[in-house]
Each structure stands twice: as structure tokens, then as C-alpha cells.
>>> print(open('target.cif').read())   # mmCIF, C-alpha atoms
data_my_file
loop_
_atom_site.label_atom_id
_atom_site.label_comp_id
_atom_site.auth_asym_id
_atom_site.auth_seq_id
_atom_site.Cartn_x
_atom_site.Cartn_y
_atom_site.Cartn_z
CA MET A 210 15.31 50.04 87.88
CA SER A 211 15.16 46.31 88.66
CA LYS A 212 13.12 44.82 91.50
CA GLY A 213 16.26 43.44 93.17
CA HIS A 214 17.91 46.86 93.07
CA LEU A 215 14.84 48.47 94.67
CA GLU A 216 14.79 45.85 97.42
CA SER A 217 18.47 46.38 98.25
CA ARG A 218 17.95 50.15 98.29
CA ASP A 219 15.00 49.76 100.68
CA GLU A 220 17.06 47.47 102.88
CA ILE A 221 19.89 50.01 103.08
CA SER A 222 17.43 52.85 103.83
CA GLU A 223 15.94 50.75 106.63
CA LYS A 224 19.37 50.17 108.18
CA VAL A 225 20.26 53.86 107.87
CA ASP A 226 16.98 54.79 109.59
CA GLY A 227 17.73 52.33 112.39
CA PHE A 228 21.19 53.82 112.94
CA VAL A 229 19.74 57.36 112.89
CA THR A 230 17.31 56.33 115.66
CA TYR A 231 20.23 54.89 117.65
CA LEU A 232 22.21 58.13 117.30
CA LYS A 233 19.26 60.32 118.31
CA GLN A 234 18.92 58.76 121.77
CA LYS A 235 19.19 61.98 123.76
CA ASN A 236 20.25 60.96 127.25
CA ARG A 237 22.69 58.24 126.29
CA LEU A 238 26.41 58.69 125.67
CA HIS A 239 27.43 56.19 123.02
CA SER A 240 30.83 54.53 122.89
CA SER A 241 32.92 56.20 120.17
CA TYR A 242 34.22 52.80 119.10
CA ASP A 243 30.70 51.35 118.73
CA VAL A 244 29.58 54.39 116.72
CA ALA A 245 32.66 54.24 114.46
CA ARG A 246 32.34 50.50 113.88
CA ARG A 247 28.60 50.65 113.11
CA THR A 248 29.22 53.53 110.71
CA VAL A 249 31.91 51.60 108.81
CA LEU A 250 29.71 48.47 108.66
CA LEU A 251 26.88 50.58 107.23
CA MET A 252 29.21 52.19 104.68
CA ARG A 253 30.40 48.70 103.65
CA GLU A 254 26.77 47.63 103.22
CA ILE A 255 26.12 50.64 100.98
CA CYS A 256 29.23 49.91 98.92
CA SER A 257 28.32 46.26 98.43
CA LYS A 258 24.60 46.67 97.67
CA THR A 259 24.51 49.93 95.72
CA ARG A 260 24.74 49.79 91.93
CA TYR A 261 27.40 52.09 90.51
CA THR A 262 29.84 52.16 87.63
CA THR A 263 32.07 55.03 88.75
CA ALA A 264 33.70 56.18 91.95
CA ARG A 265 31.79 59.46 91.72
CA GLU A 266 28.41 57.71 91.87
CA LEU A 267 29.44 55.72 94.93
CA MET A 268 30.90 58.79 96.67
CA ASP A 269 27.71 60.77 96.06
CA ARG A 270 25.68 58.01 97.74
CA ILE A 271 28.12 57.68 100.65
CA ARG A 272 28.17 61.44 101.13
CA ALA A 273 24.36 61.72 101.05
CA GLU A 274 23.87 59.01 103.67
CA GLY A 275 26.77 60.41 105.69
CA LYS A 276 25.11 63.83 105.86
CA ARG A 277 21.94 62.19 107.22
CA LEU A 278 23.87 60.38 109.93
CA VAL A 279 25.89 63.46 110.95
CA ALA A 280 22.73 65.59 111.11
CA ALA A 281 21.09 63.01 113.39
CA GLN A 282 23.70 63.59 116.13
CA PRO A 283 26.28 66.31 115.28
CA SER A 284 28.17 65.74 118.56
CA GLU A 285 29.11 62.17 117.51
CA SER A 286 32.24 63.10 115.56
CA ALA A 287 33.15 59.47 114.88
CA VAL A 288 30.32 59.23 112.34
CA GLY A 289 31.69 61.99 110.12
CA ASN A 290 35.26 60.76 110.63
CA MET A 291 34.43 57.28 109.35
CA VAL A 292 32.43 58.60 106.39
CA ARG A 293 35.46 60.72 105.41
CA ARG A 294 37.77 57.71 105.81
CA VAL A 295 35.58 55.67 103.46
CA LEU A 296 35.51 58.53 100.92
CA LYS A 297 39.33 58.65 101.05
CA ILE A 298 39.44 54.87 100.55
CA ILE A 299 37.25 55.16 97.44
CA ARG A 300 39.53 57.87 96.01
CA GLU A 301 42.63 55.77 96.69
CA GLU A 302 41.20 52.57 95.22
CA HIS A 303 39.97 54.44 92.14
CA ALA A 304 43.47 55.89 91.64
CA SER A 305 44.98 52.43 92.12
CA CYS A 306 42.61 50.86 89.57
CA ILE A 307 43.56 53.38 86.88
CA GLY A 308 47.27 52.97 87.66
CA GLN A 309 47.94 56.21 89.50
CA SER A 310 49.84 56.51 92.76
CA GLU A 311 47.76 57.12 95.88
CA GLU A 312 50.06 60.04 96.67
CA VAL A 313 48.76 61.92 93.63
CA ASP A 314 45.84 63.20 95.70
CA VAL A 315 48.04 64.89 98.30
CA LYS A 316 47.76 68.66 97.73
CA ASP A 317 50.53 70.02 99.93
CA SER A 318 52.83 71.17 97.11
CA LEU A 319 53.20 74.97 97.05
CA HIS A 320 53.75 74.89 93.29
CA THR A 321 50.52 72.92 92.83
CA MET A 322 48.58 75.39 94.95
CA LEU A 323 49.91 78.41 93.07
CA THR A 324 49.54 77.02 89.55
CA GLY A 325 46.28 75.15 90.09
CA GLY A 326 47.87 71.99 88.75
CA GLY A 327 47.92 68.54 90.34
CA ALA A 328 45.89 65.41 90.00
CA THR A 329 43.34 65.41 87.23
CA ASP A 330 42.07 61.84 87.54
CA ASP A 331 38.37 61.76 86.66
CA LEU A 332 36.28 60.08 89.35
CA SER A 333 33.49 59.76 86.78
CA ARG A 334 35.64 57.43 84.70
CA PRO A 335 34.39 53.80 84.88
CA VAL A 336 36.91 51.32 86.28
CA GLN A 337 36.80 47.56 86.68
CA ASN A 338 36.72 45.74 90.03
CA LEU A 339 36.26 48.97 92.01
CA LYS A 340 33.63 47.43 94.28
CA GLY A 341 35.84 44.49 95.28
CA THR A 342 38.89 46.61 96.09
CA VAL A 343 36.85 49.19 98.05
CA ILE A 344 35.18 46.51 100.19
CA GLU A 345 38.55 44.86 100.83
CA ALA A 346 40.00 48.21 101.96
CA ILE A 347 36.98 48.83 104.22
CA ASN A 348 37.54 45.41 105.80
CA GLU A 349 41.10 46.49 106.56
CA LEU A 350 39.70 49.65 108.19
CA LEU A 351 37.46 47.47 110.39
CA ASP A 352 40.49 45.39 111.40
CA GLU A 353 42.28 48.62 112.33
CA LEU A 354 39.34 49.70 114.49
CA GLU A 355 39.16 46.36 116.27
CA GLY A 356 42.87 46.34 117.07
CA SER A 357 43.20 50.01 118.05
CA ALA A 358 42.64 49.60 121.81
CA SER A 359 45.06 46.67 122.11
CA ASN A 360 47.69 48.55 120.08
CA ILE A 361 47.44 51.50 122.48
CA ALA A 362 47.54 49.20 125.53
CA SER A 363 50.73 47.55 124.21
CA GLN A 364 52.53 50.91 124.64
CA ALA A 365 51.65 51.19 128.35
CA LEU A 366 55.01 50.02 129.68
CA ASP A 367 56.75 52.81 127.73
CA HIS A 368 54.84 55.45 129.70
CA ILE A 369 54.00 53.98 133.11
CA HIS A 370 56.87 53.11 135.47
CA SER A 371 57.05 51.37 138.84
CA ASN A 372 55.78 53.20 141.94
CA GLU A 373 54.31 56.09 139.94
CA ILE A 374 51.05 57.78 140.88
CA ILE A 375 48.70 58.12 137.91
CA MET A 376 45.58 60.28 137.87
CA THR A 377 42.64 59.87 135.51
CA ALA A 378 38.97 60.84 135.40
CA GLY A 379 35.74 59.19 134.32
CA TYR A 380 35.62 55.91 132.44
CA SER A 381 37.36 55.13 129.17
CA LYS A 382 37.73 51.61 127.80
CA THR A 383 40.99 52.60 126.14
CA VAL A 384 42.45 54.02 129.37
CA GLU A 385 41.18 50.98 131.28
CA ALA A 386 43.03 48.61 128.89
CA PHE A 387 46.12 50.86 129.00
CA LEU A 388 46.31 50.82 132.82
CA LYS A 389 45.58 47.10 133.05
CA GLY A 390 48.28 46.40 130.46
CA ALA A 391 50.86 48.19 132.62
CA GLY A 392 49.45 46.68 135.82
CA ARG A 393 50.34 43.14 134.72
CA LYS A 394 54.07 43.98 134.88
CA ARG A 395 54.42 46.96 137.23
CA LYS A 396 53.11 48.21 140.57
CA PHE A 397 51.72 51.73 140.61
CA ASP A 398 48.86 53.70 142.16
CA VAL A 399 45.90 55.15 140.31
CA ILE A 400 43.82 58.09 141.57
CA ILE A 401 40.47 58.46 139.81
CA ALA A 402 38.22 61.53 139.86
CA GLU A 403 34.65 60.28 139.95
CA SER A 404 33.39 62.73 137.29
CA ALA A 405 30.07 63.91 138.68
CA PRO A 406 27.22 63.93 137.81
CA SER A 407 27.71 60.76 135.72
CA TYR A 408 30.12 59.20 138.30
CA GLN A 409 31.76 57.13 135.59
CA GLY A 410 34.97 57.09 137.59
CA GLN A 411 33.39 54.68 140.06
CA GLU A 412 33.06 52.04 137.35
CA LEU A 413 36.73 52.39 136.37
CA ALA A 414 37.84 52.27 140.02
CA ARG A 415 35.92 49.05 140.59
CA SER A 416 37.35 47.46 137.43
CA LEU A 417 40.99 48.35 138.26
CA ALA A 418 40.64 47.26 141.88
CA LEU A 419 39.47 43.83 140.73
CA GLU A 420 42.71 43.58 138.71
CA GLY A 421 44.75 44.18 141.84
CA ILE A 422 45.78 47.74 140.93
CA GLU A 423 46.00 50.14 143.91
CA THR A 424 43.10 52.50 143.26
CA THR A 425 41.81 55.58 145.08
CA LEU A 426 38.53 57.28 144.16
CA ILE A 427 38.28 61.02 144.87
CA THR A 428 35.70 63.73 144.36
CA ASP A 429 36.21 66.18 141.51
CA SER A 430 36.76 69.02 144.00
CA ALA A 431 39.86 67.24 145.39
CA VAL A 432 41.72 67.10 142.05
CA PHE A 433 43.80 70.25 142.59
CA ALA A 434 44.75 69.32 146.16
CA ILE A 435 45.96 65.84 145.13
CA MET A 436 47.68 66.85 141.89
CA SER A 437 50.99 67.82 143.54
CA ARG A 438 51.59 64.13 144.39
CA VAL A 439 50.82 62.88 140.87
CA ASN A 440 53.47 61.84 138.31
CA LYS A 441 51.25 61.64 135.21
CA VAL A 442 47.69 62.30 134.13
CA ILE A 443 46.34 59.74 131.65
CA ILE A 444 42.91 60.40 130.16
CA GLY A 445 40.68 59.34 127.30
CA THR A 446 38.71 61.60 125.01
CA HIS A 447 35.62 61.57 122.84
CA THR A 448 37.21 63.50 119.95
CA VAL A 449 40.56 65.02 119.02
CA MET A 450 39.87 68.31 117.25
CA ALA A 451 41.82 69.59 114.24
CA ASP A 452 43.86 72.02 116.37
CA GLY A 453 44.98 69.26 118.74
CA GLY A 454 42.42 70.17 121.40
CA LEU A 455 40.02 67.69 122.97
CA LYS A 456 36.30 67.22 123.20
CA ALA A 457 36.38 65.20 126.40
CA LEU A 458 34.12 64.27 129.31
CA ASN A 459 32.93 67.19 131.44
CA GLY A 460 35.52 67.94 134.13
CA THR A 461 38.55 67.08 132.01
CA HIS A 462 39.41 70.74 131.42
CA VAL A 463 39.71 71.36 135.17
CA LEU A 464 41.90 68.26 135.50
CA ALA A 465 44.20 69.46 132.71
CA LEU A 466 44.45 72.97 134.18
CA ALA A 467 45.44 71.54 137.58
CA ALA A 468 48.05 69.35 135.87
CA LYS A 469 49.55 72.33 134.06
CA HIS A 470 49.73 74.35 137.28
CA HIS A 471 51.74 71.56 138.94
CA SER A 472 53.76 70.78 135.74
CA VAL A 473 52.35 67.27 135.50
CA PRO A 474 52.38 65.75 131.96
CA VAL A 475 48.97 64.97 130.44
CA LEU A 476 48.82 61.88 128.19
CA VAL A 477 45.74 61.26 126.04
CA CYS A 478 44.89 57.74 124.86
CA ALA A 479 42.95 58.16 121.61
CA SER A 480 42.54 55.89 118.60
CA MET A 481 42.97 57.36 115.14
CA PHE A 482 39.24 57.17 114.41
CA LYS A 483 38.74 59.95 116.98
CA LEU A 484 40.75 62.48 114.97
CA SER A 485 38.37 65.03 113.48
CA PRO A 486 39.13 67.64 110.79
CA GLN A 487 36.69 70.00 112.52
CA HIS A 488 37.60 72.91 114.78
CA LEU A 489 35.89 74.08 117.97
CA CYS A 490 32.90 76.30 117.27
CA SER A 491 32.39 77.88 120.71
CA TYR A 492 29.18 79.72 119.81
CA ASP A 493 27.52 76.58 118.41
CA GLN A 494 27.26 74.34 121.46
CA ASP A 495 24.44 72.32 119.89
CA THR A 496 26.93 70.97 117.36
CA PHE A 497 30.02 70.75 119.54
CA ASN A 498 28.46 69.64 122.81
CA LYS A 499 25.68 67.35 123.93
CA ILE A 500 23.19 68.72 126.45
CA VAL A 501 21.40 66.04 128.48
CA ALA A 502 18.54 66.16 131.01
CA PRO A 503 19.51 68.08 134.18
CA HIS A 504 17.89 65.67 136.66
CA ASP A 505 21.33 64.38 137.72
CA VAL A 506 22.28 67.93 138.76
CA LEU A 507 18.95 69.14 140.09
CA SER A 508 16.19 66.68 140.92
CA PHE A 509 12.80 67.25 139.35
CA ASN A 510 11.33 66.50 142.78
CA ASP A 511 12.54 69.90 143.94
CA SER A 512 9.71 71.58 142.05
CA GLU A 513 10.02 74.94 143.81
CA MET A 514 13.65 75.36 142.73
CA VAL A 515 13.17 73.89 139.23
CA SER A 516 10.50 76.45 138.37
CA LYS A 517 12.91 79.33 139.12
CA VAL A 518 16.09 78.26 137.33
CA HIS A 519 17.24 77.07 133.93
CA VAL A 520 19.80 74.24 134.28
CA GLN A 521 22.07 73.02 131.49
CA ASN A 522 23.94 69.74 131.86
CA PRO A 523 26.65 69.56 129.14
CA VAL A 524 28.41 66.24 128.59
CA PHE A 525 31.69 67.54 127.14
CA ASP A 526 34.50 69.99 127.85
CA TYR A 527 36.88 71.56 125.38
CA VAL A 528 40.54 71.13 126.41
CA PRO A 529 43.00 73.41 124.52
CA PRO A 530 46.05 71.77 122.91
CA ASP A 531 48.51 73.70 125.10
CA LEU A 532 47.31 71.63 128.09
CA ILE A 533 48.15 68.32 126.36
CA THR A 534 51.64 66.79 126.47
CA LEU A 535 51.29 63.69 124.26
CA PHE A 536 48.72 61.74 122.27
CA ILE A 537 49.05 57.96 122.38
CA SER A 538 47.28 56.43 119.38
CA ASN A 539 47.27 53.01 117.76
CA ILE A 540 50.15 54.13 115.51
CA GLY A 541 52.32 55.54 118.31
CA GLY A 542 52.84 58.78 120.22
CA SER A 543 52.58 62.26 118.76
CA ALA A 544 52.50 65.86 119.99
CA PRO A 545 49.36 68.02 119.62
CA SER A 546 51.19 70.12 117.02
CA TYR A 547 51.45 67.03 114.77
CA VAL A 548 47.70 66.37 114.66
CA TYR A 549 47.27 68.48 111.51
CA ARG A 550 49.61 66.15 109.63
CA LEU A 551 47.79 63.02 110.79
CA ILE A 552 44.50 64.54 109.65
CA SER A 553 45.91 65.31 106.19
CA GLU A 554 46.94 61.64 105.89
CA LEU A 555 43.56 60.30 107.04
CA TYR A 556 41.17 62.55 105.12
CA HIS A 557 41.12 64.14 101.68
CA GLY A 558 40.96 67.93 101.59
CA ASP A 559 37.77 67.92 99.49
CA ASP A 560 35.96 65.80 102.10
CA ARG A 561 36.54 68.02 105.12
CA GLU A 562 33.00 69.33 104.65
CA LEU A 563 30.56 66.53 103.79
#
>>> encode(input="target.cif", output="C-alpha cells")
Amino acid sequence: MSKGHLESRDEISEKVDGFVTYLKQKNRLHSSYDVARRTVLLMREICSKTRYTTARELMDRIRAEGKRLVAAQPSESAVGNMVRRVLKIIREEHASCIGQSEEVDVKDSLHTMLTGGGATDDLSRPVQNLKGTVIEAINELLDELEGSASNIASQALDHIHSNEIIMTAGYSKTVEAFLKGAGRKRKFDVIIAESAPSYQGQELARSLALEGIETTLITDSAVFAIMSRVNKVIIGTHTVMADGGLKALNGTHVLALAAKHHSVPVLVCASMFKLSPQHLCSYDQDTFNKIVAPHDVLSFNDSEMVSKVHVQNPVFDYVPPDLITLFISNIGGSAPSYVYRLISELYHGDDREL
């Protein structure tokens, strides 16, 4: 192995270690967009600086580093999602280089499933210019990530109408851009649940008020009482699960239940990088959820009480798909029942488990 190759390998390992440290920060909730973008940049670095002659060699390296990153913070679904997207890109570019259609990999034919036939392209077969085409496709993925929020915001006028009352909870950059996009053309009111104990809703309320949007901040306990006056609920989410359910900020489930009781539609603004092929695993909260320090709920200064109780402070809620009306993504609107199809287009079946 050449000296230059060893140096590039050490450089990649150093960057992977740095990202692992970033992901392991316990009491910090990372932006899904930042995590997704950093993951794709790291995958591009691996693709450009790793020596390989076949798609299989590159995929093995991507998968190995991807497993390390996912293990560092299992609750950050965007990491695994982006690793799977890059693996799908490698498969597609390999098929393109050997002259096969990208659709060959799709395994939804009943005849193919029963006969065991289908694509037989060998990923261990050397192809020319694979590195260049893969990096170019990853750059297109980065462009998609960067434009996802603005693409969602451009659909705001299709869903928000004049004089409506909109309710949301917590703080989401995507929802913020969505509401501001509609606020430039239409007058409407926004009611924001503050989302204790993080109180992220206060930040969103301040931001919208500065834009001249009529904003009211309420406590989480007032959500049900106010819901009867609301026309739409618009929320963000951390992850869209494979069944169309959400892994969203704590308190979102209560909001969605109140909306269903009053027959208020629930719209979810979520970029495509948040779609995960994983399902809820209710007994494995360490993987699904993120438990942070309980000092926001119960102060450590209250030593007499702290010594007698065990307090858990989960960051996320699971929201079932039957409580969701519509997903608004950077490629348009879709019902929860259509999520399975979007996932089959984004990820290859063999990459569902890294």
C-alpha cells in the first residue's frame, strides 16, 4: 500500500472520528439537515479518496463507515438514510456504466420474486469512470438537500389561505420557512405550543412575530382547548418512519390527537432525506428515542426529591400514520399510505439493513 494511500485513509478516519464525536453529544439535538449534509459530504470524501476498482469495494467501505456512524447515535436517522442514498447512487451509476437501465434493480415484479430471476449485474465487475460519475451524482444529492427547504416553502400558498388559524409546536426551520413564505402574500394567525421543557416554540414565535405574522404563544396544556378554533395543524418532524408515522418532538403526539378529535387536518413538512426505511421498535427506546438529562424537568437542586425518583426526559414522540393527513416534501404532497413507495424509490432493498 502506497504512502499517499495510507495518508488519505488516515485523513478519512480522522474525519469519521470527528463526526462520531459530534453525533455522540448527549444533551444536544442536532439539526437533521446539518446531520444529513455532513454525512453526504463525508461519503463524498470517502468516494473521492478511497482506492477501488469495483462498485463492491466502494460499497463495502461506505457500509463499514456508515455502520460506525449509525452506532454512534442510533436516534439520528438522517445518517443511515444518507448512507443508503449513497449506496443506491453507487448501484445506479455502476448499472449506467455497464449499459444497464437503472430500473433493473427494482424488485417489485411478482414474477421476479417467485422465480428468483431479475438483475444479475455483478458489482464486482470493474468499470471505467465509476468514481467520477458517483461523485457527480453525490453532488446532485447535495444540491437536492440544499434546495429542499425552499422547495417546500414554495408550496405554502397551496395550503395556507387568508384569515386561517394555523397551529404548530416547537421549532422547525422547514415550518418556519413555510409559514414565512405564506406570510409574504397572505394574512393569517399562528398559534404556537411552546413545547416544554425545551421551549423551542418561543424561538419560532419570536421569529414569526418579527416577520409581521400574527403569533400567539400558548402552553402545551392549552392545546386541546384552543384546537376547536384552528383550521390546520402544520408541524415538522425529525424522521418519517417506514409506516408513515413520525418520530417528532416530544408533545407532537398530543397535538395530533387533539387535532383528530376536532377533525383538524395535520400537515407535516418533511424533506425527503427524513424518510427512513425503519419501523418503530417500541421496546427499544435507546435506538428509537433520545433520552437527555432530566434537569429541565426536575432541578438537581431539589436533592431531596431527586434521590427518591427516577426521571426520564425523552426528546421524541411517535405519531401514528392515522393521525397524519398529508406530507409536504420537496417533491410535492403525498399521503402517509404512499410513503412505502417513496422509500422503495429512494433506497435499494438490499440496503435496508446496513
>>> resolve_selection(input="target.cif", expression="the PyMOL selection byres ((chain A and resi 240) around 12)", output="PDB file with C-alpha atoms, in the frame of the given file")
ATOM      1  CA  TYR A 231      20.230  54.890 117.650  1.00  0.00           C
ATOM      2  CA  LEU A 232      22.210  58.130 117.300  1.00  0.00           C
ATOM      3  CA  ARG A 237      22.690  58.240 126.290  1.00  0.00           C
ATOM      4  CA  LEU A 238      26.410  58.690 125.670  1.00  0.00           C
ATOM      5  CA  HIS A 239      27.430  56.190 123.020  1.00  0.00           C
ATOM      6  CA  SER A 241      32.920  56.200 120.170  1.00  0.00           C
ATOM      7  CA  TYR A 242      34.220  52.800 119.100  1.00  0.00           C
ATOM      8  CA  ASP A 243      30.700  51.350 118.730  1.00  0.00           C
ATOM      9  CA  VAL A 244      29.580  54.390 116.720  1.00  0.00           C
ATOM     10  CA  ALA A 245      32.660  54.240 114.460  1.00  0.00           C
ATOM     11  CA  ARG A 246      32.340  50.500 113.880  1.00  0.00           C
ATOM     12  CA  ARG A 247      28.600  50.650 113.110  1.00  0.00           C
ATOM     13  CA  GLU A 285      29.110  62.170 117.510  1.00  0.00           C
ATOM     14  CA  SER A 286      32.240  63.100 115.560  1.00  0.00           C
ATOM     15  CA  ALA A 287      33.150  59.470 114.880  1.00  0.00           C
ATOM     16  CA  VAL A 288      30.320  59.230 112.340  1.00  0.00           C
ATOM     17  CA  TYR A 380      35.620  55.910 132.440  1.00  0.00           C
ATOM     18  CA  SER A 381      37.360  55.130 129.170  1.00  0.00           C
ATOM     19  CA  LYS A 382      37.730  51.610 127.800  1.00  0.00           C
ATOM     20  CA  THR A 383      40.990  52.600 126.140  1.00  0.00           C
ATOM     21  CA  GLY A 445      40.680  59.340 127.300  1.00  0.00           C
ATOM     22  CA  THR A 446      38.710  61.600 125.010  1.00  0.00           C
ATOM     23  CA  HIS A 447      35.620  61.570 122.840  1.00  0.00           C
ATOM     24  CA  THR A 448      37.210  63.500 119.950  1.00  0.00           C
ATOM     25  CA  LYS A 483      38.740  59.950 116.980  1.00  0.00           C
TER      26      LYS A 483
END
>>> closest_residue(input="target.cif", among="A:Met436, A:Leu250, A:Leu555, A:Val548", to="Ala465 (chain A)", atoms="all atoms listed in the file")
A:Met436
>>> atom_distance(input="target.cif", atom1="CA of Pro545 (chain A)", atom2="CA of Met291 (chain A)")
21.1 Å
>>> closest_residue(input="target.cif", among="A:Ala451, A:Leu484, A:Leu419, A:Leu354", to="Tyr549 (chain A)", atoms="only C-alpha atoms")
A:Ala451
>>> residues_around(input="target.cif", residues="region 514-517 of chain A", least_positions_apart="4", cutoff="10 Å", atoms="all atoms listed in the file", output="list in words")
Pro503, His504, Leu507, Ser508, Phe509 and Asn510 of chain A
>>> resolve_selection(input="target.cif", expression="the PyMOL selection byres ((chain A and resi 272) around 9)", output="ChimeraX atom specification")
/A:267-271,273-277,292-293,296,560,563
>>> write_last_selection(input="target.cif", atoms="C-alpha atoms", output="PDB file, in the coordinates of the input")
ATOM      1  CA  LEU A 267      29.440  55.720  94.930  1.00  0.00           C
ATOM      2  CA  MET A 268      30.900  58.790  96.670  1.00  0.00           C
ATOM      3  CA  ASP A 269      27.710  60.770  96.060  1.00  0.00           C
ATOM      4  CA  ARG A 270      25.680  58.010  97.740  1.00  0.00           C
ATOM      5  CA  ILE A 271      28.120  57.680 100.650  1.00  0.00           C
ATOM      6  CA  ALA A 273      24.360  61.720 101.050  1.00  0.00           C
ATOM      7  CA  GLU A 274      23.870  59.010 103.670  1.00  0.00           C
ATOM      8  CA  GLY A 275      26.770  60.410 105.690  1.00  0.00           C
ATOM      9  CA  LYS A 276      25.110  63.830 105.860  1.00  0.00           C
ATOM     10  CA  ARG A 277      21.940  62.190 107.220  1.00  0.00           C
ATOM     11  CA  VAL A 292      32.430  58.600 106.390  1.00  0.00           C
ATOM     12  CA  ARG A 293      35.460  60.720 105.410  1.00  0.00           C
ATOM     13  CA  LEU A 296      35.510  58.530 100.920  1.00  0.00           C
ATOM     14  CA  ASP A 560      35.960  65.800 102.100  1.00  0.00           C
ATOM     15  CA  LEU A 563      30.560  66.530 103.790  1.00  0.00           C
TER      16      LEU A 563
END
>>> closest_atom_pairs(input="target.cif", of="region 448-477 of chain A", to="region 534-538 of chain A", cutoff="8 Å", atoms="only C-alpha atoms", output="CSV")
residue,atom,partner,partner_atom,distance
A:Pro474,CA,A:Thr534,CA,5.6
A:Val475,CA,A:Thr534,CA,5.1
A:Leu476,CA,A:Leu535,CA,5.0
A:Val477,CA,A:Phe536,CA,4.8
>>> decode(input="target.cif", residues="region 248-256 of chain A", atoms="all heavy atoms", output="compact mmCIF listing (two decimals), in the first residue's frame")
# COMPACT_ATOMS: atom_id res chain seq x y z
N THR A 248 -23.10 14.10 6.63
CA THR A 248 -22.96 12.69 6.26
C THR A 248 -22.64 12.54 4.78
O THR A 248 -21.74 11.79 4.39
CB THR A 248 -24.24 11.91 6.60
OG1 THR A 248 -24.54 12.04 7.99
CG2 THR A 248 -24.07 10.43 6.27
N VAL A 249 -23.37 13.27 3.93
CA VAL A 249 -23.15 13.18 2.48
C VAL A 249 -21.77 13.72 2.12
O VAL A 249 -21.06 13.14 1.27
CB VAL A 249 -24.25 13.95 1.72
CG1 VAL A 249 -23.94 13.95 0.22
CG2 VAL A 249 -25.61 13.31 1.95
N LEU A 250 -21.35 14.81 2.75
CA LEU A 250 -20.00 15.35 2.49
C LEU A 250 -18.93 14.33 2.86
O LEU A 250 -17.93 14.18 2.14
CB LEU A 250 -19.79 16.65 3.27
CG LEU A 250 -20.56 17.87 2.76
CD1 LEU A 250 -20.43 19.02 3.75
CD2 LEU A 250 -20.04 18.30 1.39
N LEU A 251 -19.14 13.63 3.98
CA LEU A 251 -18.18 12.61 4.40
C LEU A 251 -18.17 11.44 3.43
O LEU A 251 -17.10 10.91 3.08
CB LEU A 251 -18.52 12.14 5.81
CG LEU A 251 -17.55 11.16 6.48
CD1 LEU A 251 -16.14 11.75 6.54
CD2 LEU A 251 -18.03 10.81 7.88
N MET A 252 -19.35 11.02 2.97
CA MET A 252 -19.43 9.93 2.00
C MET A 252 -18.74 10.32 0.68
O MET A 252 -18.07 9.50 0.04
CB MET A 252 -20.89 9.56 1.72
CG MET A 252 -21.66 8.98 2.90
SD MET A 252 -21.00 7.43 3.53
CE MET A 252 -20.23 7.98 5.06
N ARG A 253 -18.89 11.59 0.28
CA ARG A 253 -18.21 12.06 -0.93
C ARG A 253 -16.70 12.03 -0.76
O ARG A 253 -15.95 11.67 -1.68
CB ARG A 253 -18.67 13.48 -1.27
CG ARG A 253 -18.11 14.00 -2.59
CD ARG A 253 -18.63 15.38 -2.92
NE ARG A 253 -18.12 16.39 -1.99
CZ ARG A 253 -18.37 17.70 -2.10
NH1 ARG A 253 -19.15 18.14 -3.07
NH2 ARG A 253 -17.88 18.55 -1.24
N GLU A 254 -16.24 12.39 0.44
CA GLU A 254 -14.81 12.36 0.74
C GLU A 254 -14.27 10.93 0.64
O GLU A 254 -13.20 10.68 0.08
CB GLU A 254 -14.59 12.90 2.16
CG GLU A 254 -13.14 13.07 2.54
CD GLU A 254 -12.62 14.46 2.24
OE1 GLU A 254 -13.38 15.30 1.74
OE2 GLU A 254 -11.44 14.69 2.50
N ILE A 255 -15.04 9.98 1.17
CA ILE A 255 -14.63 8.57 1.11
C ILE A 255 -14.57 8.10 -0.34
O ILE A 255 -13.63 7.42 -0.76
CB ILE A 255 -15.60 7.70 1.94
CG1 ILE A 255 -15.46 8.03 3.43
CG2 ILE A 255 -15.32 6.21 1.71
CD1 ILE A 255 -16.52 7.37 4.30
N CYS A 256 -15.58 8.48 -1.12
CA CYS A 256 -15.62 8.07 -2.53
C CYS A 256 -14.46 8.65 -3.34
O CYS A 256 -13.92 7.99 -4.23
CB CYS A 256 -16.94 8.50 -3.16
SG CYS A 256 -18.38 7.60 -2.58
